[in-house]
file structure.csv (CSV, C-alpha atoms and all ligand atoms)
chain,number,residue,atom,x,y,z
A,22,MET,CA,36.4,-25.1,-24.2
A,23,ALA,CA,37.5,-21.8,-23.0
A,24,GLY,CA,38.3,-18.2,-23.9
A,25,VAL,CA,41.7,-16.7,-23.3
A,26,GLN,CA,42.3,-13.3,-21.7
A,27,VAL,CA,45.6,-11.5,-22.1
A,28,ALA,CA,45.7,-8.4,-19.9
A,29,ASN,CA,48.5,-5.8,-20.0
A,30,VAL,CA,51.1,-8.4,-20.9
A,31,SER,CA,54.7,-7.1,-21.3
A,32,ARG,CA,57.8,-9.1,-22.1
A,33,SER,CA,61.3,-7.8,-22.8
A,34,PHE,CA,64.4,-9.5,-23.9
A,35,GLY,CA,67.3,-7.4,-22.7
A,36,ALA,CA,66.4,-3.8,-23.7
A,37,HIS,CA,64.0,-5.0,-26.4
A,38,LYS,CA,60.3,-4.9,-25.6
A,39,ALA,CA,58.9,-7.9,-27.6
A,40,LEU,CA,55.5,-7.3,-26.0
A,41,ASP,CA,54.4,-3.9,-24.7
A,42,ASP,CA,51.3,-3.8,-22.6
A,43,VAL,CA,49.2,-6.1,-24.8
A,44,SER,CA,45.6,-6.8,-23.9
A,45,ILE,CA,43.3,-9.1,-26.0
A,46,ASP,CA,40.2,-11.0,-25.1
A,47,PHE,CA,40.1,-14.2,-27.2
A,48,ALA,CA,36.4,-15.2,-27.2
A,49,ASP,CA,35.4,-18.8,-26.4
A,50,GLY,CA,35.1,-20.7,-29.6
A,51,GLY,CA,36.4,-17.9,-31.8
A,52,PHE,CA,38.9,-17.9,-34.6
A,53,TYR,CA,41.4,-15.2,-34.0
A,54,ALA,CA,44.3,-14.2,-36.3
A,55,LEU,CA,47.4,-12.4,-35.1
A,56,LEU,CA,49.0,-10.4,-37.9
A,57,GLY,CA,52.0,-8.2,-37.9
A,58,PRO,CA,55.4,-7.7,-39.5
A,59,SER,CA,58.3,-10.0,-38.7
A,60,GLY,CA,59.5,-9.4,-35.2
A,61,SER,CA,56.3,-7.7,-34.0
A,62,GLY,CA,55.8,-10.1,-31.2
A,63,LYS,CA,53.2,-12.7,-32.6
A,64,THR,CA,55.2,-15.8,-31.6
A,65,THR,CA,56.2,-14.3,-28.3
A,66,LEU,CA,52.5,-13.8,-27.5
A,67,LEU,CA,51.6,-17.4,-28.4
A,68,ARG,CA,54.5,-18.6,-26.2
A,69,GLN,CA,53.1,-16.7,-23.2
A,70,ILE,CA,49.7,-18.2,-23.7
A,71,ALA,CA,51.2,-21.7,-24.1
A,72,GLY,CA,53.4,-21.3,-21.1
A,73,PHE,CA,56.8,-21.8,-22.9
A,74,ASP,CA,57.7,-18.3,-21.7
A,75,PHE,CA,56.4,-16.0,-19.0
A,76,PRO,CA,55.4,-12.3,-19.0
A,77,ASP,CA,57.4,-9.8,-17.0
A,78,SER,CA,54.1,-8.2,-16.1
A,79,GLY,CA,50.4,-8.7,-16.9
A,80,ARG,CA,47.9,-11.5,-16.5
A,81,ILE,CA,46.9,-14.4,-18.7
A,82,SER,CA,43.8,-16.5,-18.0
A,83,ILE,CA,42.3,-19.5,-19.8
A,84,GLY,CA,38.6,-20.3,-19.1
A,85,GLY,CA,38.6,-17.6,-16.5
A,86,GLU,CA,41.4,-19.2,-14.5
A,87,SER,CA,44.7,-17.5,-14.1
A,88,VAL,CA,47.5,-19.6,-15.6
A,89,GLU,CA,50.6,-17.8,-14.4
A,90,ARG,CA,51.6,-20.8,-12.3
A,91,VAL,CA,50.3,-23.5,-14.5
A,92,PRO,CA,53.0,-25.4,-16.5
A,93,VAL,CA,52.7,-26.0,-20.3
A,94,GLU,CA,51.4,-29.6,-20.0
A,95,LYS,CA,48.6,-28.6,-17.6
A,96,ARG,CA,47.3,-25.7,-19.6
A,97,ARG,CA,45.4,-28.1,-22.0
A,98,ILE,CA,46.5,-26.4,-25.1
A,99,GLY,CA,47.0,-27.9,-28.6
A,100,MET,CA,49.7,-26.5,-30.8
A,101,VAL,CA,50.6,-26.7,-34.5
A,102,PHE,CA,53.7,-24.9,-35.9
A,103,GLN,CA,55.0,-24.5,-39.4
A,104,ASN,CA,57.8,-26.9,-38.4
A,105,TYR,CA,55.5,-29.6,-37.1
A,106,ALA,CA,58.1,-32.2,-36.5
A,107,LEU,CA,56.3,-35.5,-36.7
A,108,PHE,CA,58.3,-38.6,-35.4
A,109,PRO,CA,59.6,-40.1,-38.7
A,110,ASN,CA,60.0,-43.6,-37.4
A,111,MET,CA,56.5,-43.8,-36.0
A,112,SER,CA,53.3,-44.5,-37.9
A,113,VAL,CA,50.7,-41.7,-38.4
A,114,ALA,CA,48.5,-43.3,-35.8
A,115,ASP,CA,51.3,-43.6,-33.3
A,116,ASN,CA,52.2,-39.9,-33.9
A,117,VAL,CA,48.7,-38.9,-33.2
A,118,ALA,CA,48.5,-41.2,-30.2
A,119,PHE,CA,51.6,-39.8,-28.6
A,120,GLY,CA,50.0,-37.3,-26.2
A,121,LEU,CA,47.4,-39.8,-25.1
A,122,SER,CA,50.0,-42.5,-24.5
A,123,VAL,CA,52.1,-40.1,-22.4
A,124,ARG,CA,49.0,-39.4,-20.3
A,125,GLY,CA,48.7,-43.2,-19.7
A,126,GLU,CA,45.3,-43.6,-21.3
A,127,ASN,CA,44.2,-47.2,-22.0
A,128,LYS,CA,44.8,-48.7,-25.4
A,129,ALA,CA,41.1,-49.0,-26.4
A,130,VAL,CA,40.5,-45.4,-25.6
A,131,ILE,CA,43.6,-44.3,-27.5
A,132,ALA,CA,42.6,-46.4,-30.6
A,133,THR,CA,39.1,-44.8,-30.6
A,134,GLU,CA,40.3,-41.2,-30.1
A,135,VAL,CA,43.1,-41.5,-32.6
A,136,GLN,CA,40.7,-42.9,-35.3
A,137,ARG,CA,38.2,-40.1,-34.5
A,138,ALA,CA,40.9,-37.4,-34.8
A,139,LEU,CA,42.2,-38.9,-38.1
A,140,ASP,CA,38.7,-39.1,-39.5
A,141,LEU,CA,38.2,-35.5,-38.6
A,142,VAL,CA,41.2,-34.5,-40.7
A,143,GLN,CA,40.2,-36.9,-43.4
A,144,LEU,CA,43.1,-39.2,-43.0
A,145,GLY,CA,41.1,-42.1,-41.5
A,146,LYS,CA,42.6,-44.7,-43.8
A,147,LEU,CA,46.2,-43.6,-43.6
A,148,GLY,CA,46.9,-44.4,-39.9
A,149,GLY,CA,49.4,-47.1,-40.8
A,150,ARG,CA,51.6,-45.0,-43.0
A,151,ARG,CA,54.9,-43.3,-42.0
A,152,PRO,CA,55.2,-39.5,-42.3
A,153,HIS,CA,57.5,-39.7,-45.3
A,154,GLN,CA,54.8,-41.5,-47.2
A,155,LEU,CA,52.5,-38.5,-46.9
A,156,SER,CA,52.2,-35.2,-48.8
A,157,GLY,CA,53.0,-31.9,-47.1
A,158,GLY,CA,49.3,-31.1,-46.7
A,159,GLN,CA,48.7,-34.6,-45.2
A,160,ARG,CA,51.6,-34.2,-42.8
A,161,GLN,CA,50.1,-30.9,-41.7
A,162,ARG,CA,46.8,-32.7,-41.1
A,163,VAL,CA,48.5,-35.3,-38.9
A,164,ALA,CA,50.1,-32.4,-36.9
A,165,LEU,CA,46.6,-31.0,-36.4
A,166,ALA,CA,45.1,-34.4,-35.5
A,167,ARG,CA,47.9,-34.8,-32.9
A,168,ALA,CA,47.1,-31.3,-31.5
A,169,ILE,CA,43.4,-31.9,-31.1
A,170,VAL,CA,43.3,-35.6,-30.0
A,171,THR,CA,43.9,-34.7,-26.4
A,172,LYS,CA,40.8,-32.4,-26.4
A,173,PRO,CA,42.6,-29.2,-25.6
A,174,ARG,CA,40.7,-26.1,-24.6
A,175,VAL,CA,42.6,-23.8,-26.9
A,176,LEU,CA,44.4,-24.3,-30.2
A,177,LEU,CA,47.5,-22.3,-31.0
A,178,LEU,CA,48.6,-22.2,-34.6
A,179,ASP,CA,51.9,-20.5,-35.6
A,180,GLU,CA,52.1,-20.2,-39.4
A,181,PRO,CA,50.7,-23.7,-39.7
A,182,LEU,CA,50.3,-23.4,-43.5
A,183,GLY,CA,53.5,-21.5,-44.2
A,184,ALA,CA,55.3,-24.4,-45.8
A,185,LEU,CA,52.5,-25.3,-48.2
A,186,ASP,CA,52.2,-24.1,-51.8
A,187,LYS,CA,49.4,-21.7,-52.6
A,188,ALA,CA,46.7,-24.2,-53.9
A,189,LEU,CA,47.3,-26.6,-51.0
A,190,ARG,CA,47.3,-23.7,-48.6
A,191,VAL,CA,43.8,-22.6,-49.8
A,192,ASP,CA,42.5,-26.2,-49.4
A,193,MET,CA,43.9,-26.4,-45.9
A,194,GLN,CA,42.4,-23.0,-45.0
A,195,ILE,CA,39.0,-24.3,-45.8
A,196,GLU,CA,39.7,-27.6,-44.0
A,197,LEU,CA,41.1,-25.9,-40.9
A,198,LYS,CA,38.1,-23.7,-40.7
A,199,ARG,CA,35.7,-26.7,-41.0
A,200,ILE,CA,37.5,-28.6,-38.3
A,201,GLN,CA,37.6,-25.5,-36.0
A,202,ARG,CA,33.8,-25.1,-36.4
A,203,GLU,CA,33.2,-28.7,-35.9
A,204,ILE,CA,34.9,-28.9,-32.6
A,205,GLY,CA,34.2,-25.3,-31.6
A,206,ILE,CA,37.7,-24.8,-30.2
A,207,THR,CA,39.1,-21.3,-29.4
A,208,THR,CA,41.8,-20.9,-32.0
A,209,ILE,CA,44.6,-18.3,-32.1
A,210,PHE,CA,46.3,-18.3,-35.4
A,211,VAL,CA,49.6,-16.5,-36.4
A,212,THR,CA,50.0,-15.7,-40.0
A,213,HIS,CA,51.9,-13.4,-42.3
A,214,ASP,CA,49.2,-13.8,-45.0
A,215,GLN,CA,46.7,-11.0,-44.7
A,216,GLU,CA,44.2,-12.7,-47.1
A,217,GLU,CA,44.3,-15.8,-44.9
A,218,ALA,CA,43.6,-13.6,-41.9
A,219,LEU,CA,40.7,-11.8,-43.6
A,220,THR,CA,39.0,-15.0,-44.9
A,221,MET,CA,39.5,-17.3,-42.0
A,222,SER,CA,39.1,-15.3,-38.8
A,223,ASP,CA,36.3,-13.8,-36.7
A,224,ARG,CA,38.6,-11.2,-35.3
A,225,ILE,CA,42.1,-9.9,-36.2
A,226,GLY,CA,44.7,-8.3,-34.0
A,227,ILE,CA,47.5,-6.3,-35.6
A,228,LEU,CA,50.8,-6.1,-33.7
A,229,ARG,CA,53.6,-3.7,-34.4
A,230,ASP,CA,56.8,-3.4,-32.4
A,231,GLY,CA,55.2,-5.4,-29.5
A,232,ARG,CA,52.1,-3.3,-29.3
A,233,LEU,CA,48.5,-4.1,-30.4
A,234,VAL,CA,47.7,-1.4,-32.9
A,235,GLN,CA,44.2,-2.4,-33.8
A,236,GLU,CA,41.8,-5.3,-33.0
A,237,GLY,CA,38.4,-6.2,-34.3
A,238,PRO,CA,36.4,-8.1,-36.9
A,239,PRO,CA,38.1,-8.3,-40.4
A,240,GLU,CA,35.5,-6.0,-42.0
A,241,GLU,CA,35.9,-3.4,-39.3
A,242,ILE,CA,39.7,-3.2,-39.6
A,243,TYR,CA,39.5,-3.2,-43.4
A,244,ASP,CA,36.8,-0.5,-43.5
A,245,ARG,CA,37.9,1.6,-40.5
A,246,PRO,CA,41.6,1.4,-40.0
A,247,LYS,CA,42.7,3.6,-37.2
A,248,SER,CA,46.2,4.3,-38.4
A,249,GLU,CA,48.1,4.6,-41.7
A,250,PHE,CA,50.0,1.5,-40.6
A,251,ALA,CA,46.8,-0.6,-40.1
A,252,ALA,CA,45.4,0.8,-43.4
A,253,THR,CA,48.4,-0.3,-45.4
A,254,PHE,CA,49.3,-3.4,-43.5
A,255,LEU,CA,45.9,-5.0,-44.0
A,256,GLY,CA,45.1,-4.5,-47.6
A,257,ASP,CA,46.2,-1.8,-50.0
A,258,ALA,CA,45.4,1.9,-49.3
A,259,ASN,CA,46.0,5.3,-51.0
A,260,ILE,CA,47.1,7.7,-48.2
A,261,PHE,CA,46.5,11.4,-48.6
A,262,ARG,CA,48.2,13.7,-46.1
A,263,GLY,CA,47.2,17.2,-45.3
A,264,ASP,CA,45.5,19.5,-42.7
A,265,ALA,CA,42.3,18.4,-41.0
A,266,THR,CA,39.2,20.5,-41.9
A,267,GLY,CA,36.8,18.9,-39.5
A,268,ASN,CA,35.2,16.2,-41.6
A,269,GLY,CA,38.1,15.8,-44.0
A,270,ILE,CA,41.5,17.2,-45.0
A,271,ARG,CA,42.9,19.8,-47.3
A,272,LEU,CA,45.9,18.7,-49.4
A,273,PRO,CA,48.9,20.9,-49.8
A,274,ASP,CA,47.7,22.1,-53.2
A,275,GLY,CA,44.4,23.2,-51.7
A,276,THR,CA,42.2,20.3,-52.9
A,277,ALA,CA,39.6,19.3,-50.3
A,278,ILE,CA,38.9,15.6,-49.5
A,279,ALA,CA,35.7,14.8,-47.6
A,280,ALA,CA,35.7,11.8,-45.3
A,281,LYS,CA,32.9,9.6,-44.1
A,282,VAL,CA,30.1,10.9,-41.9
A,283,GLY,CA,31.2,10.8,-38.3
A,284,ASP,CA,34.9,11.0,-38.9
A,285,ARG,CA,36.0,14.3,-37.4
A,286,LEU,CA,39.3,15.9,-36.4
A,287,ALA,CA,39.8,19.4,-35.2
A,288,GLY,CA,40.7,21.8,-38.0
A,289,GLY,CA,44.3,22.6,-38.6
A,290,ALA,CA,45.8,19.3,-37.2
A,291,LYS,CA,47.9,17.1,-39.4
A,292,ALA,CA,45.8,14.2,-40.7
A,293,SER,CA,45.5,11.6,-43.4
A,294,CYS,CA,42.8,10.1,-45.4
A,295,ALA,CA,42.9,6.4,-46.5
A,296,VAL,CA,41.1,5.2,-49.6
A,297,ARG,CA,41.0,1.6,-50.8
A,298,PRO,CA,42.1,1.2,-54.5
A,299,GLU,CA,38.9,-0.6,-55.4
A,300,ARG,CA,36.7,2.2,-54.1
A,301,ILE,CA,38.0,4.7,-56.7
A,302,ARG,CA,36.4,5.2,-60.1
A,303,ILE,CA,38.6,6.1,-63.0
A,304,ALA,CA,37.4,7.8,-66.1
A,305,THR,CA,38.7,9.9,-69.0
A,306,ASP,CA,36.5,12.9,-68.3
A,307,ALA,CA,34.9,14.6,-65.3
A,308,VAL,CA,31.3,13.6,-66.0
A,309,VAL,CA,29.6,12.9,-62.7
A,310,SER,CA,28.3,9.4,-62.9
A,311,ASP,CA,27.2,9.2,-59.3
A,312,ALA,CA,26.6,12.3,-57.2
A,313,ALA,CA,27.8,10.5,-54.1
A,314,ASP,CA,31.3,10.4,-55.6
A,315,ALA,CA,32.1,13.9,-54.3
A,316,ASN,CA,35.9,13.5,-54.1
A,317,MET,CA,37.7,14.2,-57.3
A,318,LEU,CA,41.3,14.4,-58.4
A,319,LYS,CA,42.9,14.6,-61.8
A,320,GLY,CA,46.0,12.6,-62.8
A,321,LYS,CA,47.8,10.7,-65.5
A,322,VAL,CA,48.0,6.9,-65.9
A,323,SER,CA,51.6,5.8,-65.6
A,324,LYS,CA,51.1,2.1,-65.6
A,325,ARG,CA,48.4,-0.6,-66.0
A,326,ILE,CA,48.8,-4.1,-64.7
A,327,PHE,CA,46.4,-6.6,-66.1
A,328,ALA,CA,45.5,-9.5,-63.7
A,329,GLY,CA,42.7,-11.4,-65.5
A,330,ASN,CA,39.6,-10.4,-63.6
A,331,ASN,CA,40.9,-7.0,-62.6
A,332,SER,CA,43.4,-4.3,-63.6
A,333,THR,CA,45.5,-2.1,-61.4
A,334,TYR,CA,46.1,1.4,-62.7
A,335,PHE,CA,48.9,3.6,-61.3
A,336,VAL,CA,48.0,7.2,-61.6
A,337,GLU,CA,50.4,10.1,-61.0
A,338,ARG,CA,49.2,13.2,-59.4
A,339,ALA,CA,51.0,16.0,-57.6
A,340,GLY,CA,54.1,13.9,-57.0
A,341,GLN,CA,52.1,11.0,-55.6
A,342,THR,CA,51.4,7.6,-57.2
A,343,LEU,CA,47.8,6.5,-56.6
A,344,LYS,CA,46.5,2.9,-57.1
A,345,VAL,CA,43.1,2.1,-58.6
A,346,ILE,CA,41.8,-1.4,-59.0
A,347,VAL,CA,39.0,-1.9,-61.6
A,348,GLN,CA,37.1,-5.1,-62.4
A,349,ASN,CA,37.6,-6.1,-66.0
A,350,THR,CA,34.2,-5.8,-67.8
A,351,GLY,CA,35.6,-5.8,-71.3
A,352,ALA,CA,34.8,-2.1,-71.6
A,353,ASP,CA,37.4,0.4,-72.9
A,354,ARG,CA,40.8,0.1,-71.3
A,355,LEU,CA,42.7,3.2,-70.4
A,356,ALA,CA,46.2,3.6,-71.9
A,357,GLU,CA,49.4,4.5,-70.2
A,358,GLY,CA,49.9,8.3,-70.5
A,359,GLN,CA,46.2,9.1,-70.6
A,360,ASP,CA,44.8,11.9,-68.5
A,361,VAL,CA,42.2,10.7,-66.1
A,362,VAL,CA,39.7,11.8,-63.5
A,363,LEU,CA,39.5,9.9,-60.2
A,364,ARG,CA,36.3,10.0,-58.2
A,365,TRP,CA,35.2,8.4,-55.0
A,366,SER,CA,32.7,8.9,-52.2
A,367,PRO,CA,33.3,10.4,-48.8
A,368,GLU,CA,31.9,7.1,-47.4
A,369,SER,CA,35.0,5.3,-48.8
A,370,THR,CA,37.3,7.8,-47.2
A,371,VAL,CA,38.6,7.2,-43.6
A,372,LEU,CA,40.0,10.1,-41.7
A,373,ILE,CA,43.1,9.3,-39.6
A,374,ALA,CA,44.9,11.4,-37.1
A,375,ALA,CA,48.6,11.9,-37.7
A,376,GLY,CA,51.1,10.1,-35.5
A,401,LIG,N1,64.3,-15.7,-26.6
A,401,LIG,C1,64.5,-14.5,-27.1
A,401,LIG,N2,65.6,-13.8,-26.8
A,401,LIG,C2,65.8,-12.6,-27.4
A,401,LIG,N3,65.0,-11.9,-28.2
A,401,LIG,C3,63.9,-12.6,-28.6
A,401,LIG,C4,63.6,-13.9,-28.0
A,401,LIG,N4,62.4,-14.2,-28.6
A,401,LIG,C5,62.0,-13.2,-29.4
A,401,LIG,N5,62.9,-12.2,-29.4
A,401,LIG,C6,62.8,-11.0,-30.1
A,401,LIG,O1,61.5,-10.4,-29.8
A,401,LIG,C7,60.9,-9.8,-31.0
A,401,LIG,C8,59.6,-10.5,-31.3
A,401,LIG,O2,59.8,-11.8,-31.8
A,401,LIG,P1,58.6,-12.8,-32.3
A,401,LIG,O3,59.2,-14.1,-32.6
A,401,LIG,O4,57.5,-12.7,-31.3
A,401,LIG,O5,58.1,-12.0,-33.6
A,401,LIG,P2,57.1,-12.5,-34.7
A,401,LIG,O6,56.1,-11.4,-34.8
A,401,LIG,O7,56.5,-13.8,-34.3
A,401,LIG,O8,58.0,-12.5,-36.0
A,401,LIG,P3,58.0,-13.5,-37.2
A,401,LIG,O9,56.8,-13.1,-38.0
A,401,LIG,O10,59.2,-13.2,-37.9
A,401,LIG,O11,57.9,-14.9,-36.7
A,401,LIG,C9,62.0,-10.0,-32.1
A,401,LIG,O12,62.7,-8.8,-32.2
A,401,LIG,C10,62.8,-11.1,-31.6
A,401,LIG,O13,64.1,-11.0,-32.1
call {"tool": "encode", "arguments": {"input": "structure.csv", "output": "structure tokens"}}
result
Amino acid sequence: MAGVQVANVSRSFGAHKALDDVSIDFADGGFYALLGPSGSGKTTLLRQIAGFDFPDSGRISIGGESVERVPVEKRRIGMVFQNYALFPNMSVADNVAFGLSVRGENKAVIATEVQRALDLVQLGKLGGRRPHQLSGGQRQRVALARAIVTKPRVLLLDEPLGALDKALRVDMQIELKRIQREIGITTIFVTHDQEEALTMSDRIGILRDGRLVQEGPPEEIYDRPKSEFAATFLGDANIFRGDATGNGIRLPDGTAIAAKVGDRLAGGAKASCAVRPERIRIATDAVVSDAADANMLKGKVSKRIFAGNNSTYFVERAGQTLKVIVQNTGADRLAEGQDVVLRWSPESTVLIAAG
């Protein structure tokens, strides 16, 4: 196994910078998700690591060894893409065996390794089938078995679950995580699905316009986004904009919002505060239920969306629509048009510099 180091990698296509000075350390045995809008450079980064494409500048090493001059087939990387392209006229077992056959392994070794890989993806009994006799999820498992049978050092997954429906996708997320743990392989995973990134990975990197905007464990990015973009791209956030007051901001109407301890920006600078919708309490009066909820705003409910275990309230206030998510406890529901008071703690408020 091996970690992957990407250092100051840039790659342009004509005038377009697909990757702009990206540095990420993918830890040995870690599960790493790359998130970002369409066109932000995720696939381009995977292609540099795989060796399908080469950086204009920067370094890439795998297991501490520089791979700039190492061709794709020598990098010992396993890959699974959304469009996994199994050979339709070959059996499942022969599909999985392909990489080993090309390498010229002997038949007995191939049979053992193929069976082991198929068992790992829980398709041990289906080796004799053809791809068209499998479900979408099973085909995706074959693609995974094919990628890991050669014992790669690194697994690159580009939207591997993108073609699956929601329920199957969730099953495969659990399965993929189990397999990754079992073989302990460094895995780099590209996804559009933020929930998938949050639940599966040890670390997340968010790309925007070819630049890495933030990188860290899921909890850290969710709880301490460094930009409005990161706050709203990973999860939902209410963004308040105003002038920094040191440990918070003042909104244009004079209301002060206090941020978490340690968040400080020089007074007077333009700044924002991000607050997750589930951190805000909504009530019909200003009774202080918890002294820690020092931030307070008044507003009017414009819409309520019921979603079973929770409800989302949209609250209008000073030309802004705020979002509040409340667990459904069966207690009184607030009606549309009702005046409400929103309260939340400075601890739930992240101060972000403008820009
Ligand atoms: N071979 C190429 N030639 C020209 N432009 C390219 C090439 N490959 C990628 N690009 C451009 O580089 C940018 C990054 O593309 P990339 O495929 O890495 O994005 P992505 O984040 O993976 O997007 P998506 O989520 O849509 O797959 C895009 O603007 C894309 O059009």
call {"tool": "residues_near_point", "arguments": {"input": "structure.csv", "point": "(57.2, -10.5, -31.4)", "cutoff": "12 Å", "atoms": "all atoms listed in the file", "output": "mmCIF file with C-alpha atoms, in the coordinates of the input"}}
result
data_model
loop_
_atom_site.group_PDB
_atom_site.id
_atom_site.type_symbol
_atom_site.label_atom_id
_atom_site.label_comp_id
_atom_site.auth_asym_id
_atom_site.auth_seq_id
_atom_site.Cartn_x
_atom_site.Cartn_y
_atom_site.Cartn_z
ATOM 1 C CA SER A 31 54.700 -7.100 -21.300
ATOM 2 C CA ARG A 32 57.800 -9.100 -22.100
ATOM 3 C CA SER A 33 61.300 -7.800 -22.800
ATOM 4 C CA PHE A 34 64.400 -9.500 -23.900
ATOM 5 C CA HIS A 37 64.000 -5.000 -26.400
ATOM 6 C CA LYS A 38 60.300 -4.900 -25.600
ATOM 7 C CA ALA A 39 58.900 -7.900 -27.600
ATOM 8 C CA LEU A 40 55.500 -7.300 -26.000
ATOM 9 C CA ASP A 41 54.400 -3.900 -24.700
ATOM 10 C CA VAL A 43 49.200 -6.100 -24.800
ATOM 11 C CA LEU A 55 47.400 -12.400 -35.100
ATOM 12 C CA LEU A 56 49.000 -10.400 -37.900
ATOM 13 C CA GLY A 57 52.000 -8.200 -37.900
ATOM 14 C CA PRO A 58 55.400 -7.700 -39.500
ATOM 15 C CA SER A 59 58.300 -10.000 -38.700
ATOM 16 C CA GLY A 60 59.500 -9.400 -35.200
ATOM 17 C CA SER A 61 56.300 -7.700 -34.000
ATOM 18 C CA GLY A 62 55.800 -10.100 -31.200
ATOM 19 C CA LYS A 63 53.200 -12.700 -32.600
ATOM 20 C CA THR A 64 55.200 -15.800 -31.600
ATOM 21 C CA THR A 65 56.200 -14.300 -28.300
ATOM 22 C CA LEU A 66 52.500 -13.800 -27.500
ATOM 23 C CA LEU A 67 51.600 -17.400 -28.400
ATOM 24 C CA ARG A 68 54.500 -18.600 -26.200
ATOM 25 C CA GLN A 69 53.100 -16.700 -23.200
ATOM 26 C CA VAL A 211 49.600 -16.500 -36.400
ATOM 27 C CA ILE A 227 47.500 -6.300 -35.600
ATOM 28 C CA LEU A 228 50.800 -6.100 -33.700
ATOM 29 C CA ARG A 229 53.600 -3.700 -34.400
ATOM 30 C CA ASP A 230 56.800 -3.400 -32.400
ATOM 31 C CA GLY A 231 55.200 -5.400 -29.500
ATOM 32 C CA ARG A 232 52.100 -3.300 -29.300
ATOM 33 C CA LEU A 233 48.500 -4.100 -30.400
#
call {"tool": "closest_residue", "arguments": {"input": "structure.csv", "among": "A:His213, A:Arg364, A:Arg137, A:Arg302", "to": "ligand LIG 401 (chain A)", "atoms": "all atoms listed in the file"}}
result
A:His213
call {"tool": "residues_around", "arguments": {"input": "structure.csv", "residues": "Ala71 of chain A", "least_positions_apart": "6", "cutoff": "9 Å", "atoms": "only C-alpha atoms", "output": "mmCIF file with C-alpha atoms, keeping the file's coordinate frame"}}
result
data_model
loop_
_atom_site.group_PDB
_atom_site.id
_atom_site.type_symbol
_atom_site.label_atom_id
_atom_site.label_comp_id
_atom_site.auth_asym_id
_atom_site.auth_seq_id
_atom_site.Cartn_x
_atom_site.Cartn_y
_atom_site.Cartn_z
ATOM 1 C CA PRO A 92 53.000 -25.400 -16.500
ATOM 2 C CA VAL A 93 52.700 -26.000 -20.300
ATOM 3 C CA GLU A 94 51.400 -29.600 -20.000
ATOM 4 C CA ARG A 96 47.300 -25.700 -19.600
ATOM 5 C CA ARG A 97 45.400 -28.100 -22.000
ATOM 6 C CA ILE A 98 46.500 -26.400 -25.100
ATOM 7 C CA GLY A 99 47.000 -27.900 -28.600
ATOM 8 C CA MET A 100 49.700 -26.500 -30.800
ATOM 9 C CA LEU A 177 47.500 -22.300 -31.000
#
call {"tool": "residues_around", "arguments": {"input": "structure.csv", "residues": "Lys95 of chain A", "least_positions_apart": "4", "cutoff": "12 Å", "atoms": "only C-alpha atoms", "output": "JSON, numbers by chain"}}
result
{"A": [71, 72, 73, 83, 88, 89, 90, 91, 99, 124, 171, 173, 174]}
call {"tool": "atom_distance", "arguments": {"input": "structure.csv", "atom1": "atom CA of Val296 of chain A", "atom2": "atom CA of Tyr53 of chain A"}}
result
25.7 Å
call {"tool": "decode", "arguments": {"input": "structure.csv", "residues": "segment 46-56 of chain A", "atoms": "N, CA and C atoms", "output": "compact mmCIF listing (two decimals), in the first residue's frame"}}
result
# COMPACT_ATOMS: atom_id res chain seq x y z
N ASP A 46 -2.10 15.75 0.35
CA ASP A 46 -1.40 14.57 0.84
C ASP A 46 -2.47 13.51 1.12
N PHE A 47 -2.52 12.46 0.31
CA PHE A 47 -3.50 11.39 0.51
C PHE A 47 -2.83 10.32 1.37
N ALA A 48 -3.29 10.19 2.60
CA ALA A 48 -2.60 9.30 3.55
C ALA A 48 -2.74 7.84 3.15
N ASP A 49 -1.72 7.08 3.47
CA ASP A 49 -1.70 5.64 3.22
C ASP A 49 -2.90 4.97 3.91
N GLY A 50 -3.70 4.26 3.16
CA GLY A 50 -4.84 3.54 3.73
C GLY A 50 -6.07 4.40 3.97
N GLY A 51 -6.00 5.67 3.62
CA GLY A 51 -7.13 6.57 3.88
C GLY A 51 -8.19 6.52 2.80
N PHE A 52 -9.35 7.01 3.13
CA PHE A 52 -10.45 7.12 2.17
C PHE A 52 -10.72 8.59 1.98
N TYR A 53 -10.46 9.09 0.80
CA TYR A 53 -10.43 10.51 0.55
C TYR A 53 -11.46 10.87 -0.51
N ALA A 54 -12.34 11.81 -0.23
CA ALA A 54 -13.32 12.22 -1.24
C ALA A 54 -12.92 13.56 -1.85
N LEU A 55 -13.00 13.66 -3.17
CA LEU A 55 -12.82 14.93 -3.87
C LEU A 55 -14.20 15.42 -4.28
N LEU A 56 -14.55 16.59 -3.81
CA LEU A 56 -15.86 17.18 -4.09
C LEU A 56 -15.65 18.50 -4.83
